[in-house]
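*Asks:* I have a structure here, written as C-alpha cells, and I will follow up with some questions on it.
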Amino acid sequence: MSGAVKRALGTIAGARSGDKGGDANLGVWVRSQEAYEWLNGFLTTEKLKELLPEAGEVSRYELPNLRALNFVLHGLLGDGVASSTRFDPQAKALGEWLRGREVEIPEELL
Amino acid sequence: MIRIGNASGFYGDRLSAMREQLEGGHLDVLTGDYLAELTMLILGRDRMKDSGLGYAKTFLRQMEDCLALALDQGVKIVVNAGGLNPEGLARKLDAKVGYVTGDDLKARFPEALTANAYLGAWEIAECLNQGAQVVVTGRVTDASLVVGPAAAHFGWARDDWDRLAGATVAGHVLECGTQATGGNYSFFTEIDATRPGFPIAEIDEDGSCLITKHAGTGGAVTVDTVTAQLLYEIGAPEYLGPDVTTHFDTIRLTSDERGVRISGTKGSPPPDTLKVCLNTLGGFRNSTTFVLTGLDVGAKAELVKRQLHDAIGEESLTWTLARTDHADADTEERASALLHVTIKTADPKRAKGFSRAAIELALASYPGFHVTAPPSDGTPFGVYKAAYVHRDEVSAKAVLL
C-alpha cells in the first residue's frame, strides 16, 4: 500500500443528487471494485457531515452492486422546493459540491 | 421484446424530443414524464384560474406536431401530462385515447391545493389492452409509464414481482430523459454532452432490459451514465412503489455494444399504502440580492440588514451572505459578494412591502448599493408534504373515450 494524496473526491467519484420533499438524496459512485472498497470505508455518515457541514440528520445506504453509496439528508430542503430558501432548493448541485471537496485518496486509485 | 422510449423528463423539457424520438428509429411506445412535486403545485394554480386547465400544455403542442406521425407509425403514446385534469387533456386529442383517473384525493384532504395518490401501472395496461393509441394519466409513479406498457405487452400477472421490478428499474432510468444519456453527468468531459439523445429501454419478457438510444444522437449510454440516473431521487435500497417493491441492491449492469444491459433485479410485494403528494399554499415569498463590493463587506451586510429590519421587522426574513468577493480584485464581479434575503409570510401586503422597503434604501444605504434584480410584488409559495393512505381507499380507473 503506497501513500495517499490530497485530491478532490470527484477525481475518482461521480455523484448525483436531488430532492424528495424536504429531504435531499445524494448518490456517490466509483468505477472500480478497489475504489468502492476504499469509498465504503472512507465515506461514513460522520465523514459526509464533516465534508458537507450543512447536513443534519443523514441516512446512509450501501449499493455494492452499483459500487455506490446513497445518502439521504433529512430536512435539508425545509418544506420542499417551492418553499425552501436554500441556495440550491432542489439539491441539484449537492453532489458536485461533495465532489469538489478535497480528501486523502490512496495513490493507487488515481 | 418491447421498445419503449422517453421524450420528456419534466414539464418544460426539450419540446422537439417527441419528434426526435419518433423520427430517429423504431419504437413500440413513447412515454413522457411531465410531473414533479413542484409541477403539481404549478398545475394546481393553473386550475384555480381555469378549471379546464390543470394539465401539461406543452404536451398538447407536441401532439399537434406529432400525433399523426405517431399514429402513422403505430407508436403508442403514454404520458402523465394529464396532471390534475387527465380527462380534459384526453378530450383534446383526436385518436383512440384512454385516460387514468382516481388519483385526485382532494375530497379526503380538503385543506390541500392538490392531493394526488401515486397510482401504478395496471390502469395504463388496461387502457392499452382495450386498444388505446394514446394514454394520458394524472399522478402515477414515473416508472409506471414504462411498467404499464411492458405488463400489457407481455401479459404479466400482478404478482410477477421480479418482472415488474425489472421494468420499474427501466422506468426509473428513463423517467428523467437525458439524465440517463449523459445529461447532468459528473464525467461529462469524457463524452460529447452537447445535445444528449433521449433514452430507450428494450424490455424482455423476464423484465430485464437494454438501455440504449437512437443511432446518431448525442450523449452516451454507459454503465456510468446509467448508474448516475439509478441513484437519482432514491432512498433505501427497497424502492417502494404501488405495484412492486424493487430491490435496488440486486440490479446488475453490464456494458453492451448498443448500451447497457440491466438484469438480476428482484421484486417483492408492494406496501399496503399508497403515497399521496400534498401541496398546500404556504403563504407569499419575495426576495432580492444585494451586491456588496470591495471593502467592509461584513459591515455593509450588517448595515443593510439593520435598515431592512427597521423598515419591516425581522420576522420571517432569511439572510445568506455569499462571500464571492476577492481582495484586490481585477474585475468588479470578483470584488463583489452577494447578500440574499428572502421573506416568507402569510401576509401578501408584507411580501409586497418588502419590495418597497428594499428599493427605498437605494440612496440611503452602504456605498456601492445595487441589487441583481429588483424584488417583485411577491409570489405565493407551496408547501409539499407526503401522506399515506390504504390502497383500498383509492379507486383507480381506466376510461376509454
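The way I read the labels, and the way they are meant: chains A, B, ... in the order of the C-alpha cells, residue 1 as the first residue of every chain, and ligand 1 as the first ligand shown, with later ones counted on from there.
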Which of stretch 36-66 of chain A counts as strand (DSSP E) under DSSP, as a PDB file with C-alpha atoms, in the first residue's frame please?
*Replies:*
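Below you can see part.pdb, which holds the result:
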```
ATOM      1  CA  VAL A  58     -28.251  11.630   7.487  1.00  0.00           C
ATOM      2  CA  SER A  59     -29.167   8.051   6.476  1.00  0.00           C
ATOM      3  CA  ARG A  60     -26.561   6.005   4.589  1.00  0.00           C
ATOM      4  CA  TYR A  61     -27.205   3.020   2.312  1.00  0.00           C
ATOM      5  CA  GLU A  62     -24.708   0.736   0.560  1.00  0.00           C
ATOM      6  CA  LEU A  63     -25.263  -0.477  -3.006  1.00  0.00           C
TER       7      LEU A  63
END
```
*Asks:* Skipping near chain neighbours, those fewer than 4 positions away, what residues fall within 12 Å of A:Pro89 using only C-alpha atoms, listed as a list in words?
*Replies:*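 Surrounding residues, per the criterion: Ser17, Gly18, Asp19, Lys20, Gly21, Gly22, Asp23, Ala24, Gly75, Leu76, Leu77, Gly78, Asp79, Gly80, Val81, Ala82, Ser83, Ser84, Thr85, Ala93 and Leu94 of chain A; Leu38 of chain B.
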*Asks:* Taking a cut-off of 10 Å and counting only C-alpha atoms, can you build a table that, for each residue of chain B near chain A, reports the nearest atom pair and how far apart they are in Å (one decimal), sorted by chain then residue number, as a Markdown table?
*Replies:*
```
| residue | atom | partner | partner_atom | distance |
| --- | --- | --- | --- | --- |
| B:Ala36 | CA | A:Lys20 | CA | 9.8 |
| B:Glu37 | CA | A:Gly21 | CA | 7.5 |
| B:Leu38 | CA | A:Ala82 | CA | 6.4 |
| B:Thr39 | CA | A:Ala82 | CA | 9.8 |
| B:Leu41 | CA | A:Ala82 | CA | 8.4 |
| B:Ile42 | CA | A:Ala82 | CA | 9.7 |
| B:Gln179 | CA | A:Arg16 | CA | 9.8 |
| B:Asn184 | CA | A:Arg16 | CA | 8.2 |
| B:Tyr185 | CA | A:Arg16 | CA | 7.7 |
| B:Ser186 | CA | A:Gly14 | CA | 5.2 |
| B:Phe187 | CA | A:Gly14 | CA | 6.9 |
| B:Val223 | CA | A:Leu66 | CA | 9.1 |
| B:Asp224 | CA | A:Arg31 | CA | 7.7 |
| B:Thr225 | CA | A:Gly14 | CA | 9.6 |
| B:Val226 | CA | A:Leu66 | CA | 9.9 |
| B:Thr227 | CA | A:Leu66 | CA | 6.7 |
| B:Ala228 | CA | A:Arg16 | CA | 5.9 |
| B:Gln229 | CA | A:Arg16 | CA | 7.5 |
| B:Leu230 | CA | A:Gly27 | CA | 8.8 |
| B:Leu231 | CA | A:Gly27 | CA | 5.2 |
| B:Tyr232 | CA | A:Arg16 | CA | 6.0 |
| B:Glu233 | CA | A:Gly18 | CA | 5.5 |
| B:Ile234 | CA | A:Asn25 | CA | 6.6 |
| B:Gly235 | CA | A:Val72 | CA | 6.3 |
| B:Ala236 | CA | A:Tyr61 | CA | 6.3 |
| B:Pro237 | CA | A:Tyr61 | CA | 7.1 |
| B:Phe248 | CA | A:Leu63 | CA | 7.5 |
| B:Asp249 | CA | A:Leu63 | CA | 5.3 |
| B:Thr250 | CA | A:Asn65 | CA | 6.8 |
| B:Ile251 | CA | A:Asn65 | CA | 6.7 |
| B:Arg252 | CA | A:Asn65 | CA | 6.5 |
| B:Leu253 | CA | A:Leu66 | CA | 7.6 |
| B:Cys277 | CA | A:Gly21 | CA | 9.2 |
| B:Asn279 | CA | A:Ala82 | CA | 9.5 |
| B:Leu281 | CA | A:Ser83 | CA | 9.5 |
| B:Gly282 | CA | A:Ser83 | CA | 7.6 |
| B:Gly283 | CA | A:Ser83 | CA | 9.1 |
| B:Phe284 | CA | A:Ser83 | CA | 9.4 |
| B:Arg285 | CA | A:Ser83 | CA | 8.3 |
| B:Ser287 | CA | A:Thr85 | CA | 9.3 |
| B:Leu317 | CA | A:Thr85 | CA | 9.8 |
| B:Thr318 | CA | A:Thr85 | CA | 7.2 |
| B:Trp319 | CA | A:Thr85 | CA | 9.0 |
| B:Thr320 | CA | A:Phe87 | CA | 8.5 |
| B:Ala322 | CA | A:Phe87 | CA | 9.6 |
| B:His340 | CA | A:Phe87 | CA | 8.9 |
| B:Val341 | CA | A:Thr85 | CA | 8.8 |
| B:Thr342 | CA | A:Thr85 | CA | 6.7 |
| B:Ile343 | CA | A:Thr85 | CA | 8.8 |
| B:Lys344 | CA | A:Ser83 | CA | 8.3 |
| B:Pro380 | CA | A:Ala82 | CA | 9.3 |
| B:Phe381 | CA | A:Ser83 | CA | 5.7 |
| B:Gly382 | CA | A:Ala82 | CA | 5.3 |
| B:Val383 | CA | A:Asp79 | CA | 5.4 |
| B:Tyr384 | CA | A:Gly80 | CA | 5.5 |
| B:Lys385 | CA | A:Gly21 | CA | 6.6 |
| B:Ala386 | CA | A:Gly21 | CA | 7.5 |
```
*Asks:* What lies within 12 Å of B:Ala121 using only C-alpha atoms, ignoring chain neighbours under 2 positions off, as a PyMOL selection string?
*Replies:* chain B and resi 78-80+100+118-119+123-128+135+137+139-152+156-158+164-165+167-168+171+241-244+396-398
*Asks:* Expressed in Å to a single decimal, how great is the separation between atom CA of B:Thr280 and atom CA of B:Leu105?
*Replies:*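 These two atoms are separated by 13.3 Å.
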*Asks:* When you look at A:Gly3 with a cut-off of 12 Å (counting only C-alpha atoms), what residues show up, excluding the ones that are within fewer than 5 positions of it in the same chain? I need them as a PyMOL selection string.
*Replies:* chain A and resi 104-110
*Asks:* Please, could you write that set of residues out with C-alpha atoms as a PDB file, in the first residue's frame?
*Replies:*
```
ATOM      1  CA  GLU A 104      -6.909  11.930   1.129  1.00  0.00           C
ATOM      2  CA  ILE A 105      -7.192   9.408  -1.714  1.00  0.00           C
ATOM      3  CA  PRO A 106      -4.896   6.363  -1.957  1.00  0.00           C
ATOM      4  CA  GLU A 107      -2.380   6.945  -4.742  1.00  0.00           C
ATOM      5  CA  GLU A 108      -3.134   3.649  -6.498  1.00  0.00           C
ATOM      6  CA  LEU A 109      -6.747   4.719  -7.093  1.00  0.00           C
ATOM      7  CA  LEU A 110      -5.726   7.843  -9.014  1.00  0.00           C
TER       8      LEU A 110
END
```
*Asks:* Given only C-alpha atoms as the basis, pick out the residue of B:Val136, B:Leu35, B:Ala68, B:Leu303 nearest to B:Gly12.
*Replies:* B:Leu35
*Asks:* Closest to A:Gly56 among A:Leu98, A:Ala4, A:His74, A:Val103, using only C-alpha atoms?
*Replies:*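 Nearest candidate to A:Gly56 out of A:Leu98, A:Ala4, A:His74, A:Val103: A:His74.
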*Asks:* What's the 9 Å shell around B:Leu67, counting only C-alpha atoms, without same-chain residues fewer than 2 positions away, as a PyMOL selection string?
*Replies:* chain B and resi 62-65+69-72+77+93-95
*Asks:* Excluding B:Glu360 and any residue of its chain fewer than 6 positions from it, enumerate the residues within 12 Å of it, using only C-alpha atoms, and give them as JSON, numbers by chain.
*Replies:* {"B": [304, 307, 308, 311, 312, 353, 354, 369, 370, 374, 375]}
